[in-house]
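File shown here: upload.txt, holding compact mmCIF, C-alpha atoms.
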```
# COMPACT_ATOMS: atom_id res chain seq x y z
CA SER A 1272 76.45 134.78 -157.93
CA GLU A 1273 76.93 138.50 -158.13
CA GLU A 1274 79.47 140.84 -156.60
CA ILE A 1275 78.29 142.66 -153.50
CA PHE A 1276 79.93 145.07 -151.09
CA PHE A 1277 79.52 145.35 -147.35
CA ALA A 1278 80.91 147.61 -144.65
CA ALA A 1279 81.85 146.70 -141.09
CA GLN A 1280 84.28 148.07 -138.54
CA ASN A 1281 84.85 151.18 -140.69
CA ARG A 1282 86.09 149.11 -143.63
CA LEU A 1283 84.61 148.20 -147.00
CA TYR A 1284 84.70 144.55 -148.12
CA GLU A 1285 83.70 142.61 -151.20
CA GLY A 1286 81.97 139.25 -151.51
CA GLN A 1287 79.65 137.20 -153.67
CA LEU A 1288 75.90 137.31 -153.13
CA LYS A 1289 74.89 133.63 -153.14
CA ASP A 1290 71.31 133.72 -151.84
CA TYR A 1291 68.88 136.44 -150.78
CA GLY A 1292 65.31 137.02 -149.74
CA ARG A 1293 63.08 139.56 -148.07
CA ASN A 1294 64.74 139.30 -144.66
CA GLY A 1295 68.24 138.08 -145.26
CA LEU A 1296 71.06 136.98 -147.49
CA PHE A 1297 74.16 134.83 -147.70
CA ILE A 1298 77.48 136.42 -148.63
CA LYS A 1299 80.33 134.20 -149.79
CA THR A 1300 83.56 135.80 -148.56
CA LYS A 1301 86.87 135.00 -146.93
CA VAL A 1302 86.37 137.97 -144.57
CA ILE A 1303 85.99 136.74 -141.00
CA LEU A 1304 83.58 138.83 -138.94
CA PRO A 1305 82.01 137.75 -135.66
CA VAL A 1306 78.46 136.50 -135.35
CA GLY A 1307 76.40 139.41 -134.04
CA GLU A 1308 78.40 142.01 -135.99
CA MET A 1309 76.29 144.75 -137.58
CA ILE A 1310 77.11 145.40 -141.24
CA THR A 1311 75.84 147.61 -144.05
CA VAL A 1312 75.24 145.83 -147.33
CA VAL A 1313 75.54 147.90 -150.50
CA ASP A 1314 73.52 146.76 -153.51
CA PRO A 1315 75.24 148.31 -156.54
CA HIS A 1316 72.97 149.30 -159.40
CA PRO A 1317 74.09 149.54 -163.04
CA ASP A 1318 72.83 153.14 -163.24
CA GLY A 1319 75.34 154.16 -160.56
CA GLY A 1320 72.96 154.40 -157.59
CA ASN A 1321 73.74 152.26 -154.57
CA LYS A 1322 71.06 151.04 -152.19
CA LYS A 1323 72.06 150.19 -148.63
CA ARG A 1324 70.58 147.89 -146.00
CA LYS A 1325 71.82 147.27 -142.49
CA GLY A 1326 71.84 143.83 -140.99
CA LYS A 1327 73.35 141.50 -138.43
CA ILE A 1328 75.49 138.43 -139.03
CA LEU A 1329 73.49 135.50 -137.64
CA TRP A 1330 75.77 132.61 -138.56
CA ARG A 1331 78.90 131.80 -140.48
CA ASN A 1332 80.59 128.80 -142.07
CA ASP A 1333 83.72 128.11 -144.12
CA GLU A 1334 82.24 129.84 -147.18
CA GLY A 1335 80.86 133.05 -145.68
CA PHE A 1336 78.00 134.24 -143.49
CA GLY A 1337 74.25 134.71 -143.24
CA VAL A 1338 72.86 138.18 -142.59
CA GLU A 1339 69.47 139.10 -141.19
CA LEU A 1340 68.48 142.42 -142.73
CA ASN A 1341 67.01 145.07 -140.43
CA ARG A 1342 63.44 146.09 -140.99
CA CYS A 1343 63.05 149.56 -142.43
CA GLN A 1344 62.64 152.28 -139.85
CA ASN A 1345 61.51 154.90 -142.36
CA GLU A 1346 59.68 154.69 -145.65
CA CYS A 1347 60.09 151.40 -147.52
CA LYS A 1348 59.66 150.97 -151.24
CA PRO A 1349 58.93 147.75 -153.12
CA GLY A 1350 62.07 145.95 -154.22
CA ILE A 1351 63.53 147.57 -157.29
CA PHE A 1352 66.81 145.71 -157.09
CA ARG A 1353 67.70 142.40 -155.49
CA PHE A 1354 66.42 143.11 -151.99
CA GLU A 1355 62.70 142.79 -151.49
CA GLN A 1356 62.42 146.22 -149.91
CA ILE A 1357 64.73 149.18 -150.03
CA CYS A 1358 65.02 151.54 -147.09
CA SER A 1359 65.22 155.26 -147.61
CA ASP A 1360 67.26 155.80 -144.43
```

Encoded form using structure tokens:
Amino acid sequence: SEEIFFAAQNRLYEGQLKDYGRNGLFIKTKVILPVGEMITVVDPHPDGGNKKRKGKILWRNDEGFGVELNRCQNECKPGIFRFEQICSD
């Protein structure tokens, strides 16, 4: 698992990326956010550039929560980092 950051309710949090795919991911964290909460996931890149995706918490359990990533509204590029597509917005 890799470190990942996410923002919600005007705060930045940290968790562990446990599973991911084109449309969603699972973040292991002790942070308790409600199902339905919109978050921004930041995918840190070793070169210093951060890619962001917005998504909604669909479910949670004792380990963390599952996030459905929003579809890109603007131009999408093939996945360069962990996420299958990176939004330019």

Contacts of stretch 1322-1324 of chain A within 6 Å, all atoms listed in the file, excl. fewer than 6 positions in-chain, as a ChimeraX atom specification: /A:1311-1314

Convert the current residue selection to file output with C-alpha atoms, as a PDB file, in the coordinates of the input.
```pdb
ATOM      1  CA  THR A1311      75.840 147.610-144.050  1.00  0.00           C
ATOM      2  CA  VAL A1312      75.240 145.830-147.330  1.00  0.00           C
ATOM      3  CA  VAL A1313      75.540 147.900-150.500  1.00  0.00           C
ATOM      4  CA  ASP A1314      73.520 146.760-153.510  1.00  0.00           C
TER       5      ASP A1314
END
```

Selection: 6 Å around stretch 1274-1280 of chain A, all atoms listed in the file, excl. self and same-chain fewer than 3 positions, as a PyMOL selection string: chain A and resi 1283-1288+1310-1313

Spatial neighbours of stretch 1337-1341 of chain A, 6 Å, all atoms listed in the file, chain gap at least 4 places, as a PyMOL selection string: chain A and resi 1294-1297+1325-1330

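Shortest atom-to-atom contact with A:Phe1336 among A:Glu1273, A:Ile1303, A:Tyr1291, A:Arg1282: A:Ile1303, counting all atoms listed in the file.
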
Neighbour list for A:Lys1301 as a ChimeraX atom specification, cut-off 9 Å, all atoms listed in the file, skip fewer than 3 positions in-chain: /A:1286,1333-1335
